[in-house]
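start29.pdb follows (PDB, C-alpha atoms):
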ATOM      1  CA  MET A1451     -40.815  13.030  -8.416
ATOM      2  CA  THR A1452     -42.397  16.442  -8.945
ATOM      3  CA  LYS A1453     -44.760  18.075 -11.401
ATOM      4  CA  SER A1454     -41.819  19.347 -13.437
ATOM      5  CA  MET A1455     -40.587  15.791 -13.991
ATOM      6  CA  LEU A1456     -43.893  14.562 -15.432
ATOM      7  CA  LYS A1457     -43.675  15.586 -19.074
ATOM      8  CA  GLY A1458     -43.073  14.480 -22.626
ATOM      9  CA  LEU A1459     -44.362  11.387 -24.382
ATOM     10  CA  ILE A1460     -45.819   8.864 -21.962
ATOM     11  CA  ILE A1461     -46.989   5.722 -23.722
ATOM     12  CA  PRO A1462     -50.034   3.771 -22.505
ATOM     13  CA  MET A1463     -48.691   0.334 -23.268
ATOM     14  CA  LEU A1464     -50.477  -2.434 -25.115
ATOM     15  CA  THR A1465     -50.552  -5.701 -23.173
ATOM     16  CA  PRO A1466     -49.124  -8.623 -25.204
ATOM     17  CA  LEU A1467     -51.101 -11.875 -25.216
ATOM     18  CA  ASP A1468     -50.073 -15.239 -26.606
ATOM     19  CA  ALA A1469     -52.089 -17.498 -28.911
ATOM     20  CA  GLU A1470     -54.068 -18.833 -25.923
ATOM     21  CA  GLY A1471     -54.842 -15.340 -24.670
ATOM     22  CA  ARG A1472     -52.395 -15.461 -21.767
ATOM     23  CA  LEU A1473     -49.853 -12.799 -20.858
ATOM     24  CA  ASP A1474     -46.811 -12.989 -23.130
ATOM     25  CA  ILE A1475     -43.973 -11.902 -20.874
ATOM     26  CA  ASP A1476     -41.256 -12.173 -23.520
ATOM     27  CA  ALA A1477     -43.236  -9.917 -25.850
ATOM     28  CA  LEU A1478     -43.894  -7.494 -22.986
ATOM     29  CA  ASN A1479     -40.188  -7.207 -22.264
ATOM     30  CA  SER A1480     -39.466  -6.631 -25.949
ATOM     31  CA  HIS A1481     -42.182  -3.988 -26.157
ATOM     32  CA  VAL A1482     -40.724  -2.097 -23.203
ATOM     33  CA  ASP A1483     -37.378  -1.965 -25.007
ATOM     34  CA  PHE A1484     -38.996  -0.916 -28.297
ATOM     35  CA  LEU A1485     -40.818   1.992 -26.688
ATOM     36  CA  ILE A1486     -37.859   3.236 -24.661
ATOM     37  CA  GLU A1487     -35.484   2.942 -27.604
ATOM     38  CA  GLY A1488     -38.072   4.773 -29.696
ATOM     39  CA  GLY A1489     -37.913   7.812 -27.437
ATOM     40  CA  ALA A1490     -40.633   7.359 -24.812
ATOM     41  CA  HIS A1491     -40.210   9.661 -21.839
ATOM     42  CA  GLY A1492     -42.332   7.406 -19.632
ATOM     43  CA  LEU A1493     -44.319   4.165 -19.697
ATOM     44  CA  PHE A1494     -47.892   3.679 -18.547
ATOM     45  CA  PRO A1495     -48.842   0.003 -18.274
ATOM     46  CA  LEU A1496     -52.494  -0.905 -17.669
ATOM     47  CA  GLY A1497     -54.214   2.021 -19.281
ATOM     48  CA  THR A1498     -57.150   1.707 -21.655
ATOM     49  CA  ALA A1499     -54.853   0.489 -24.445
ATOM     50  CA  GLY A1500     -53.558  -2.145 -22.043
ATOM     51  CA  GLU A1501     -56.971  -3.813 -21.596
ATOM     52  CA  PHE A1502     -56.533  -3.518 -17.842
ATOM     53  CA  ALA A1503     -60.201  -4.110 -17.010
ATOM     54  CA  LEU A1504     -60.076  -7.472 -18.822
ATOM     55  CA  LEU A1505     -57.109  -8.776 -16.835
ATOM     56  CA  SER A1506     -57.178 -10.653 -13.546
ATOM     57  CA  LYS A1507     -55.660  -9.172 -10.408
ATOM     58  CA  ASP A1508     -52.633 -11.441 -10.690
ATOM     59  CA  GLU A1509     -52.152 -10.506 -14.335
ATOM     60  CA  ARG A1510     -52.311  -6.809 -13.577
ATOM     61  CA  LEU A1511     -49.731  -7.112 -10.841
ATOM     62  CA  ARG A1512     -47.488  -9.200 -13.068
ATOM     63  CA  VAL A1513     -47.601  -6.596 -15.841
ATOM     64  CA  ILE A1514     -46.532  -3.849 -13.440
ATOM     65  CA  GLU A1515     -43.751  -5.980 -12.014
ATOM     66  CA  VAL A1516     -42.369  -6.900 -15.434
ATOM     67  CA  VAL A1517     -42.509  -3.366 -16.864
ATOM     68  CA  VAL A1518     -40.801  -1.807 -13.841
ATOM     69  CA  ASP A1519     -38.116  -4.482 -13.869
ATOM     70  CA  ARG A1520     -37.466  -4.212 -17.613
ATOM     71  CA  ALA A1521     -37.496  -0.416 -17.680
ATOM     72  CA  ASP A1522     -34.830  -0.595 -14.955
ATOM     73  CA  GLY A1523     -34.855   3.135 -14.324
ATOM     74  CA  ARG A1524     -34.334   4.105 -17.961
ATOM     75  CA  VAL A1525     -37.650   5.976 -17.914
ATOM     76  CA  PRO A1526     -40.282   6.431 -15.207
ATOM     77  CA  VAL A1527     -43.092   3.891 -14.972
ATOM     78  CA  TYR A1528     -46.590   5.137 -14.155
ATOM     79  CA  ALA A1529     -48.652   2.084 -13.224
ATOM     80  CA  GLY A1530     -52.366   1.973 -13.926
ATOM     81  CA  VAL A1531     -54.398   1.130 -10.827
ATOM     82  CA  ALA A1532     -57.889   2.101 -11.987
ATOM     83  CA  ASP A1533     -60.778   0.306 -10.337
ATOM     84  CA  PRO A1534     -64.358   1.279  -9.434
ATOM     85  CA  SER A1535     -63.550   0.304  -5.843
ATOM     86  CA  THR A1536     -61.350   2.730  -3.936
ATOM     87  CA  ASN A1537     -60.125  -0.121  -1.727
ATOM     88  CA  ASN A1538     -59.101  -2.199  -4.743
ATOM     89  CA  ALA A1539     -57.323   0.766  -6.338
ATOM     90  CA  ILE A1540     -55.394   1.292  -3.102
ATOM     91  CA  GLU A1541     -54.396  -2.371  -3.068
ATOM     92  CA  TYR A1542     -53.084  -2.127  -6.644
ATOM     93  CA  ALA A1543     -51.273   1.107  -5.802
ATOM     94  CA  LYS A1544     -49.544  -0.429  -2.791
ATOM     95  CA  ALA A1545     -48.351  -3.309  -4.937
ATOM     96  CA  ALA A1546     -47.126  -0.916  -7.630
ATOM     97  CA  LYS A1547     -45.175   1.000  -5.013
ATOM     98  CA  ASP A1548     -43.618  -2.217  -3.726
ATOM     99  CA  PHE A1549     -42.579  -3.130  -7.292
ATOM    100  CA  GLY A1550     -40.876   0.247  -7.653
ATOM    101  CA  ALA A1551     -43.282   2.191  -9.865
ATOM    102  CA  ASP A1552     -42.588   5.927  -9.910
ATOM    103  CA  ALA A1553     -46.260   6.875  -9.692
ATOM    104  CA  VAL A1554     -49.713   5.427 -10.248
ATOM    105  CA  VAL A1555     -52.559   6.434 -12.544
ATOM    106  CA  ALA A1556     -56.232   6.136 -11.600
ATOM    107  CA  THR A1557     -59.492   6.961 -13.335
ATOM    108  CA  SER A1558     -62.616   8.094 -11.585
ATOM    109  CA  PRO A1559     -64.734   5.117 -10.464
ATOM    110  CA  TYR A1560     -66.529   3.512 -13.400
ATOM    111  CA  TYR A1561     -69.846   1.614 -13.537
ATOM    112  CA  TYR A1562     -70.911   3.221 -10.251
ATOM    113  CA  LYS A1563     -71.210   6.997 -10.477
ATOM    114  CA  THR A1564     -70.270   8.935  -7.376
ATOM    115  CA  ASN A1565     -70.574  12.597  -6.374
ATOM    116  CA  GLU A1566     -67.898  15.257  -5.928
ATOM    117  CA  ASP A1567     -67.139  14.230  -2.350
ATOM    118  CA  GLY A1568     -66.763  10.645  -3.541
ATOM    119  CA  LEU A1569     -64.320  11.688  -6.263
ATOM    120  CA  LEU A1570     -62.256  13.726  -3.825
ATOM    121  CA  ASN A1571     -62.123  10.849  -1.365
ATOM    122  CA  HIS A1572     -61.287   8.313  -4.076
ATOM    123  CA  PHE A1573     -58.211  10.095  -5.401
ATOM    124  CA  ARG A1574     -56.965  11.472  -2.089
ATOM    125  CA  SER A1575     -57.247   8.059  -0.456
ATOM    126  CA  ILE A1576     -55.249   6.339  -3.195
ATOM    127  CA  ALA A1577     -52.423   8.852  -2.889
ATOM    128  CA  GLU A1578     -52.368   9.365   0.857
ATOM    129  CA  GLU A1579     -53.017   5.808   2.056
ATOM    130  CA  THR A1580     -50.401   4.469  -0.342
ATOM    131  CA  GLU A1581     -47.968   7.382  -0.055
ATOM    132  CA  ILE A1582     -47.196   7.280  -3.772
ATOM    133  CA  TYR A1583     -47.464   9.968  -6.424
ATOM    134  CA  LEU A1584     -50.746   9.896  -8.309
ATOM    135  CA  ILE A1585     -51.779  11.021 -11.794
ATOM    136  CA  ILE A1586     -55.499  11.640 -12.237
ATOM    137  CA  TYR A1587     -56.898  10.022 -15.383
ATOM    138  CA  ASN A1588     -59.876  12.026 -16.650
ATOM    139  CA  ILE A1589     -61.450   9.925 -19.408
ATOM    140  CA  PRO A1590     -65.206  10.540 -19.366
ATOM    141  CA  TYR A1591     -65.808   8.687 -22.652
ATOM    142  CA  TRP A1592     -64.968   5.422 -20.885
ATOM    143  CA  THR A1593     -65.930   6.126 -17.265
ATOM    144  CA  TYR A1594     -69.085   8.132 -18.104
ATOM    145  CA  GLN A1595     -68.107  10.629 -15.447
ATOM    146  CA  SER A1596     -65.905  13.644 -16.009
ATOM    147  CA  ILE A1597     -63.812  15.017 -13.185
ATOM    148  CA  PRO A1598     -65.154  18.565 -12.731
ATOM    149  CA  LEU A1599     -62.641  21.371 -12.748
ATOM    150  CA  SER A1600     -63.785  22.354  -9.248
ATOM    151  CA  VAL A1601     -62.826  18.875  -8.005
ATOM    152  CA  ALA A1602     -59.530  18.890  -9.883
ATOM    153  CA  GLU A1603     -58.602  22.228  -8.312
ATOM    154  CA  LYS A1604     -59.096  20.779  -4.831
ATOM    155  CA  LEU A1605     -57.146  17.636  -5.706
ATOM    156  CA  ALA A1606     -54.289  19.785  -7.006
ATOM    157  CA  GLU A1607     -53.723  20.961  -3.436
ATOM    158  CA  THR A1608     -52.800  17.405  -2.417
ATOM    159  CA  ASP A1609     -49.006  17.110  -2.394
ATOM    160  CA  LEU A1610     -48.874  13.583  -3.801
ATOM    161  CA  ILE A1611     -51.188  14.339  -6.747
ATOM    162  CA  ILE A1612     -48.881  15.596  -9.493
ATOM    163  CA  GLY A1613     -50.706  15.458 -12.796
ATOM    164  CA  MET A1614     -53.767  14.839 -14.905
ATOM    165  CA  LYS A1615     -54.199  12.966 -18.135
ATOM    166  CA  TYR A1616     -57.267  14.420 -19.827
ATOM    167  CA  THR A1617     -58.566  12.373 -22.736
ATOM    168  CA  THR A1618     -60.695  14.745 -24.763
ATOM    169  CA  ASN A1619     -61.046  16.000 -28.319
ATOM    170  CA  ASP A1620     -62.372  19.304 -26.982
ATOM    171  CA  LEU A1621     -59.431  21.687 -26.978
ATOM    172  CA  ASN A1622     -61.563  24.404 -25.430
ATOM    173  CA  SER A1623     -62.231  22.226 -22.412
ATOM    174  CA  PHE A1624     -58.600  21.113 -22.213
ATOM    175  CA  GLN A1625     -57.240  24.665 -22.243
ATOM    176  CA  LYS A1626     -59.590  25.612 -19.386
ATOM    177  CA  TYR A1627     -58.044  22.880 -17.256
ATOM    178  CA  VAL A1628     -54.544  23.950 -18.301
ATOM    179  CA  ARG A1629     -55.208  27.580 -17.368
ATOM    180  CA  ALA A1630     -56.631  26.620 -13.988
ATOM    181  CA  LEU A1631     -54.255  23.800 -13.091
ATOM    182  CA  GLY A1632     -51.113  24.255 -15.172
ATOM    183  CA  ASN A1633     -49.086  25.794 -12.359
ATOM    184  CA  LYS A1634     -50.136  23.054  -9.933
ATOM    185  CA  LEU A1635     -50.413  19.854 -11.967
ATOM    186  CA  SER A1636     -48.642  18.483 -14.992
ATOM    187  CA  MET A1637     -51.290  18.485 -17.738
ATOM    188  CA  LEU A1638     -51.189  15.702 -20.314
ATOM    189  CA  ILE A1639     -53.462  15.399 -23.353
ATOM    190  CA  GLY A1640     -54.882  11.998 -24.227
ATOM    191  CA  ALA A1641     -55.795  12.631 -27.867
ATOM    192  CA  ASP A1642     -53.288  11.446 -30.489
ATOM    193  CA  SER A1643     -54.291  13.962 -33.141
ATOM    194  CA  LEU A1644     -54.088  16.922 -30.733
ATOM    195  CA  PHE A1645     -50.623  16.416 -29.259
ATOM    196  CA  TYR A1646     -49.082  19.446 -30.999
ATOM    197  CA  SER A1647     -52.119  21.653 -30.417
ATOM    198  CA  ALA A1648     -52.160  20.780 -26.729
ATOM    199  CA  LEU A1649     -48.493  21.727 -26.406
ATOM    200  CA  GLU A1650     -49.336  25.095 -27.912
ATOM    201  CA  PHE A1651     -51.988  25.524 -25.212
ATOM    202  CA  GLY A1652     -49.427  24.780 -22.503
ATOM    203  CA  ALA A1653     -49.672  21.007 -22.052
ATOM    204  CA  ASP A1654     -46.669  19.321 -20.485
ATOM    205  CA  GLY A1655     -46.951  16.270 -22.716
ATOM    206  CA  ALA A1656     -49.240  13.538 -23.941
ATOM    207  CA  VAL A1657     -50.357  10.008 -23.137
ATOM    208  CA  VAL A1658     -51.282   8.598 -26.543
ATOM    209  CA  GLY A1659     -51.917   5.002 -27.595
ATOM    210  CA  GLY A1660     -50.779   5.386 -31.187
ATOM    211  CA  ALA A1661     -47.243   5.856 -29.905
ATOM    212  CA  ASN A1662     -47.089   2.101 -29.317
ATOM    213  CA  VAL A1663     -46.716   1.780 -33.092
ATOM    214  CA  ALA A1664     -44.427   4.720 -33.837
ATOM    215  CA  PRO A1665     -42.842   6.010 -30.628
ATOM    216  CA  ASN A1666     -40.078   7.847 -32.485
ATOM    217  CA  ILE A1667     -42.492   9.974 -34.524
ATOM    218  CA  PHE A1668     -44.682  10.841 -31.549
ATOM    219  CA  ALA A1669     -41.592  11.679 -29.490
ATOM    220  CA  GLU A1670     -40.503  14.094 -32.209
ATOM    221  CA  ILE A1671     -43.732  16.072 -31.796
ATOM    222  CA  TYR A1672     -42.664  16.879 -28.249
ATOM    223  CA  ASN A1673     -38.901  17.070 -28.746
ATOM    224  CA  ALA A1674     -39.154  19.422 -31.717
ATOM    225  CA  HIS A1675     -41.640  21.617 -29.901
ATOM    226  CA  ILE A1676     -39.510  22.097 -26.789
ATOM    227  CA  ARG A1677     -36.466  22.977 -28.885
ATOM    228  CA  GLY A1678     -38.560  25.617 -30.650
ATOM    229  CA  ASP A1679     -38.842  23.895 -34.020
ATOM    230  CA  ARG A1680     -42.584  24.184 -34.508
ATOM    231  CA  GLU A1681     -42.330  23.280 -38.185
ATOM    232  CA  ALA A1682     -40.767  19.909 -37.371
ATOM    233  CA  SER A1683     -43.276  19.338 -34.584
ATOM    234  CA  ILE A1684     -46.215  19.999 -36.912
ATOM    235  CA  LYS A1685     -44.672  17.763 -39.568
ATOM    236  CA  ALA A1686     -44.430  14.898 -37.085
ATOM    237  CA  GLN A1687     -47.990  15.511 -35.912
ATOM    238  CA  LYS A1688     -49.314  15.367 -39.468
ATOM    239  CA  ARG A1689     -47.386  12.177 -40.104
ATOM    240  CA  VAL A1690     -49.122  10.298 -37.269
ATOM    241  CA  LEU A1691     -52.660  11.359 -38.166
ATOM    242  CA  PRO A1692     -53.279   8.108 -40.106
ATOM    243  CA  ILE A1693     -52.437   6.190 -36.929
ATOM    244  CA  ALA A1694     -54.999   8.237 -35.025
ATOM    245  CA  ASP A1695     -57.533   7.435 -37.743
ATOM    246  CA  ILE A1696     -57.054   3.664 -37.615
ATOM    247  CA  MET A1697     -57.602   3.668 -33.859
ATOM    248  CA  GLU A1698     -61.281   4.196 -34.577
ATOM    249  CA  LEU A1699     -61.512   0.854 -36.391
ATOM    250  CA  GLY A1700     -62.959  -2.173 -34.621
ATOM    251  CA  THR A1701     -63.007  -2.578 -30.856
ATOM    252  CA  PHE A1702     -60.178  -0.614 -29.251
ATOM    253  CA  PRO A1703     -57.301  -1.515 -29.035
ATOM    254  CA  SER A1704     -57.623  -4.212 -31.713
ATOM    255  CA  SER A1705     -56.470  -1.844 -34.473
ATOM    256  CA  LEU A1706     -53.287  -0.999 -32.586
ATOM    257  CA  LYS A1707     -52.486  -4.661 -32.056
ATOM    258  CA  GLU A1708     -53.081  -5.274 -35.756
ATOM    259  CA  ALA A1709     -50.724  -2.367 -36.533
ATOM    260  CA  MET A1710     -48.038  -3.908 -34.334
ATOM    261  CA  ALA A1711     -48.346  -7.173 -36.255
ATOM    262  CA  VAL A1712     -48.109  -5.334 -39.571
ATOM    263  CA  ILE A1713     -44.856  -3.596 -38.597
ATOM    264  CA  GLY A1714     -43.366  -6.920 -37.531
ATOM    265  CA  LYS A1715     -43.669  -6.563 -33.762
ATOM    266  CA  PRO A1716     -46.726  -8.691 -32.956
ATOM    267  CA  LEU A1717     -48.297  -8.486 -29.516
ATOM    268  CA  GLY A1718     -51.093 -10.996 -30.066
ATOM    269  CA  GLY A1719     -54.800 -10.375 -30.178
ATOM    270  CA  VAL A1720     -57.268  -8.733 -27.834
ATOM    271  CA  ARG A1721     -59.017 -10.407 -24.935
ATOM    272  CA  ARG A1722     -62.676 -11.354 -25.011
ATOM    273  CA  PRO A1723     -65.209  -9.784 -25.314
ATOM    274  CA  LEU A1724     -63.137  -7.619 -27.684
ATOM    275  CA  THR A1725     -62.769  -8.902 -31.225
ATOM    276  CA  SER A1726     -60.080  -8.778 -33.882
ATOM    277  CA  LEU A1727     -60.458  -6.558 -36.936
ATOM    278  CA  SER A1728     -62.409  -7.549 -40.008
ATOM    279  CA  ALA A1729     -60.458  -8.384 -43.158
ATOM    280  CA  SER A1730     -61.389  -5.043 -44.707
ATOM    281  CA  ASP A1731     -60.253  -3.110 -41.640
ATOM    282  CA  LYS A1732     -56.947  -4.994 -41.608
ATOM    283  CA  ILE A1733     -56.368  -3.756 -45.156
ATOM    284  CA  LYS A1734     -57.071  -0.187 -44.018
ATOM    285  CA  VAL A1735     -54.511  -0.520 -41.228
ATOM    286  CA  ALA A1736     -51.837  -1.733 -43.619
ATOM    287  CA  GLU A1737     -52.624   1.002 -46.138
ATOM    288  CA  SER A1738     -52.410   3.686 -43.448
ATOM    289  CA  LEU A1739     -49.074   2.453 -42.168
ATOM    290  CA  ARG A1740     -47.725   2.205 -45.696
ATOM    291  CA  SER A1741     -48.798   5.796 -46.373
ATOM    292  CA  ILE A1742     -46.480   7.073 -43.621
ATOM    293  CA  GLY A1743     -43.588   4.762 -44.406
ATOM    294  CA  LEU A1744     -43.861   2.344 -41.491
ATOM    295  CA  ILE A1745     -43.996  -0.627 -43.847
TER
END
As C-alpha cells, please, write out the structure in this file.
Amino acid sequence: MTKSMLKGLIIPMLTPLDAEGRLDIDALNSHVDFLIEGGAHGLFPLGTAGEFALLSKDERLRVIEVVVDRADGRVPVYAGVADPSTNNAIEYAKAAKDFGADAVVATSPYYYKTNEDGLLNHFRSIAEETEIYLIIYNIPYWTYQSIPLSVAEKLAETDLIIGMKYTTNDLNSFQKYVRALGNKLSMLIGADSLFYSALEFGADGAVVGGANVAPNIFAEIYNAHIRGDREASIKAQKRVLPIADIMELGTFPSSLKEAMAVIGKPLGGVRRPLTSLSASDKIKVAESLRSIGLI
C-alpha cells in the first residue's frame, strides 16, 4: 500500500450491539456488505463512531477480525488501534496485522497529554515495531491534543506512515496541512459537511461517520469530483447535510444508530455511559432522513 492508494470514501464503521449490549456479529457482517455495496472505498472499524474506547480488548480484536474476513479483499480495511498507551496500541496493531488489515489508524494519546517528542515516539513506534502502514488520526476535539504541523511533517518522513485523517471544521487549518503534507501523506478530512470543500483544497478523500447511513450518496461526492463533475459532487454534498446535522443530536454516535434503525438496518443501541436519543430527537432524525428521501 502507498499514499496514492489511500483515497476516496473511507467509512468509520458503527459497531453493532445486540439487545444485551454485546457484539452482534451477524449485524456486523451485514453492515460490512451494506457499506461496500454502497460504494465505500475503504472501511475503518473502531473509530470514534465505532465506540472503540467502550469495548474490551477481546471485543476490539474480534471486530477487526470479522471486518477483515467479511471484506475479503473487496476494499482495504484500516483498523483502529487508538489507545493512550503506546504499548497497548502496538499490541492492537500487531493483532490487526495478523488478521490481515491493510493498515492501522491511531490517534494521539488521550487522557494523558504528552509533548512533541512523545507524539513522535508514539506514532513511529506503532508503525515501525509492528511493520504495518499507519494512518495518523488527528482529532483534537476528542483527544484534547492536536498533532502540530511540525510533528506531522517529521512523521511524514517515516516510510510506513502514509496518511492523516484530520477531523476539523476549520478549513483554513486543514488546507495548511494539505499544502505542507499533501505530497507526502494522503490527507483525509473528517468533517461530513466539508467533504466537497476539502476535495477542492486537495484532500485525497474523507473519513465520515454519516456515510454509515448513506454510503452511496457520500461516495458520489468523491466519484463525481474525480470525474470532473463538480455540479454532481456539490449536489451530493448538499443532500447529506441533514445527516451531518443529526450527528449533533444526543451522545455520539447514538443519532447514527437511530438513523440506521429508521432506514431498516438496525445496529442496536450505544454502550454505557452513552445514552439513546430522546423521543423528540428521534423524530428529528426521521424527519431529516425523510427530507433527503432515505425513508
When you look at range 1470-1475 of chain A with a cut-off of 10 Å (counting all atoms listed in the file), what residues show up, excluding the ones that are within fewer than 5 positions of it in the same chain? I need them as a PyMOL selection string. chain A and resi 1465+1480-1481+1505+1509-1510+1512-1513+1516-1517+1717-1722
So how many Å separate CA of Ala1543 in chain A and CA of Phe1668 in chain A, to one decimal?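 CA of Ala1543 in chain A sits 28.3 Å away from CA of Phe1668 in chain A.
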Please evaluate the PyMOL selection byres ((chain A and resi 1632-1643) around 6) against the displayed coordinates and give the resulting residues as an MDAnalysis selection string. chainID A and resid 1453 1612:1617 1628:1629 1631 1644:1645 1653:1658 1691 1694
Any idea what the distance is between CA of Lys1507 in chain A and CA of Thr1608 in chain A?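 Between these atoms lies a distance of 27.9 Å.
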To one decimal place, how far is CA of Ala1469 in chain A from CA of Gly1659 in chain A in Å?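 Spanning CA of Ala1469 in chain A to CA of Gly1659 in chain A is a straight-line distance of 22.5 Å.
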Take the PyMOL selection byres ((chain A and resi 1745) around 10), apply it to the structure above, and return the hits as a PyMOL selection string. chain A and resi 1712-1714+1736-1744
What would the file look like if the residues just selected were written as a PDB file, keeping the file's coordinate frame with C-alpha atoms?
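In the end it all went to result.pdb:
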ATOM      1  CA  VAL A1712     -48.109  -5.334 -39.571  1.00  0.00           C
ATOM      2  CA  ILE A1713     -44.856  -3.596 -38.597  1.00  0.00           C
ATOM      3  CA  GLY A1714     -43.366  -6.920 -37.531  1.00  0.00           C
ATOM      4  CA  ALA A1736     -51.837  -1.733 -43.619  1.00  0.00           C
ATOM      5  CA  GLU A1737     -52.624   1.002 -46.138  1.00  0.00           C
ATOM      6  CA  SER A1738     -52.410   3.686 -43.448  1.00  0.00           C
ATOM      7  CA  LEU A1739     -49.074   2.453 -42.168  1.00  0.00           C
ATOM      8  CA  ARG A1740     -47.725   2.205 -45.696  1.00  0.00           C
ATOM      9  CA  SER A1741     -48.798   5.796 -46.373  1.00  0.00           C
ATOM     10  CA  ILE A1742     -46.480   7.073 -43.621  1.00  0.00           C
ATOM     11  CA  GLY A1743     -43.588   4.762 -44.406  1.00  0.00           C
ATOM     12  CA  LEU A1744     -43.861   2.344 -41.491  1.00  0.00           C
TER      13      LEU A1744
END
Just say which residues the PyMOL selection byres ((chain A and resi 1567-1584) around 6) picks in this file, as an mmCIF file with C-alpha atoms, in the frame of the given file.
data_model
loop_
_atom_site.group_PDB
_atom_site.id
_atom_site.type_symbol
_atom_site.label_atom_id
_atom_site.label_comp_id
_atom_site.auth_asym_id
_atom_site.auth_seq_id
_atom_site.Cartn_x
_atom_site.Cartn_y
_atom_site.Cartn_z
ATOM 1 C CA THR A 1536 -61.350 2.730 -3.936
ATOM 2 C CA ILE A 1540 -55.394 1.292 -3.102
ATOM 3 C CA LYS A 1544 -49.544 -0.429 -2.791
ATOM 4 C CA ALA A 1553 -46.260 6.875 -9.692
ATOM 5 C CA VAL A 1554 -49.713 5.427 -10.248
ATOM 6 C CA VAL A 1555 -52.559 6.434 -12.544
ATOM 7 C CA THR A 1564 -70.270 8.935 -7.376
ATOM 8 C CA ASN A 1565 -70.574 12.597 -6.374
ATOM 9 C CA GLU A 1566 -67.898 15.257 -5.928
ATOM 10 C CA ILE A 1585 -51.779 11.021 -11.794
ATOM 11 C CA LEU A 1610 -48.874 13.583 -3.801
ATOM 12 C CA ILE A 1611 -51.188 14.339 -6.747
#
Find, counting only C-alpha atoms, the residue in A:Ala1532, A:Ala1546, A:Leu1621, A:Ile1696 that gets nearest to Asn1588 in chain A.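 Answer, going by the shortest atom-to-atom distance: A:Ala1532.
Comparing the minimum interatomic distances between Ser1596 in chain A and each of A:Met1463, A:Ser1558, A:Asp1609, A:Leu1727, counting all atoms listed in the file, we find that A:Ser1558 sits nearest.
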Of A:Leu1459, A:Ala1521, A:Ile1684, A:Val1601, the one sitting nearest Leu1478 in chain A when using only C-alpha atoms is A:Ala1521
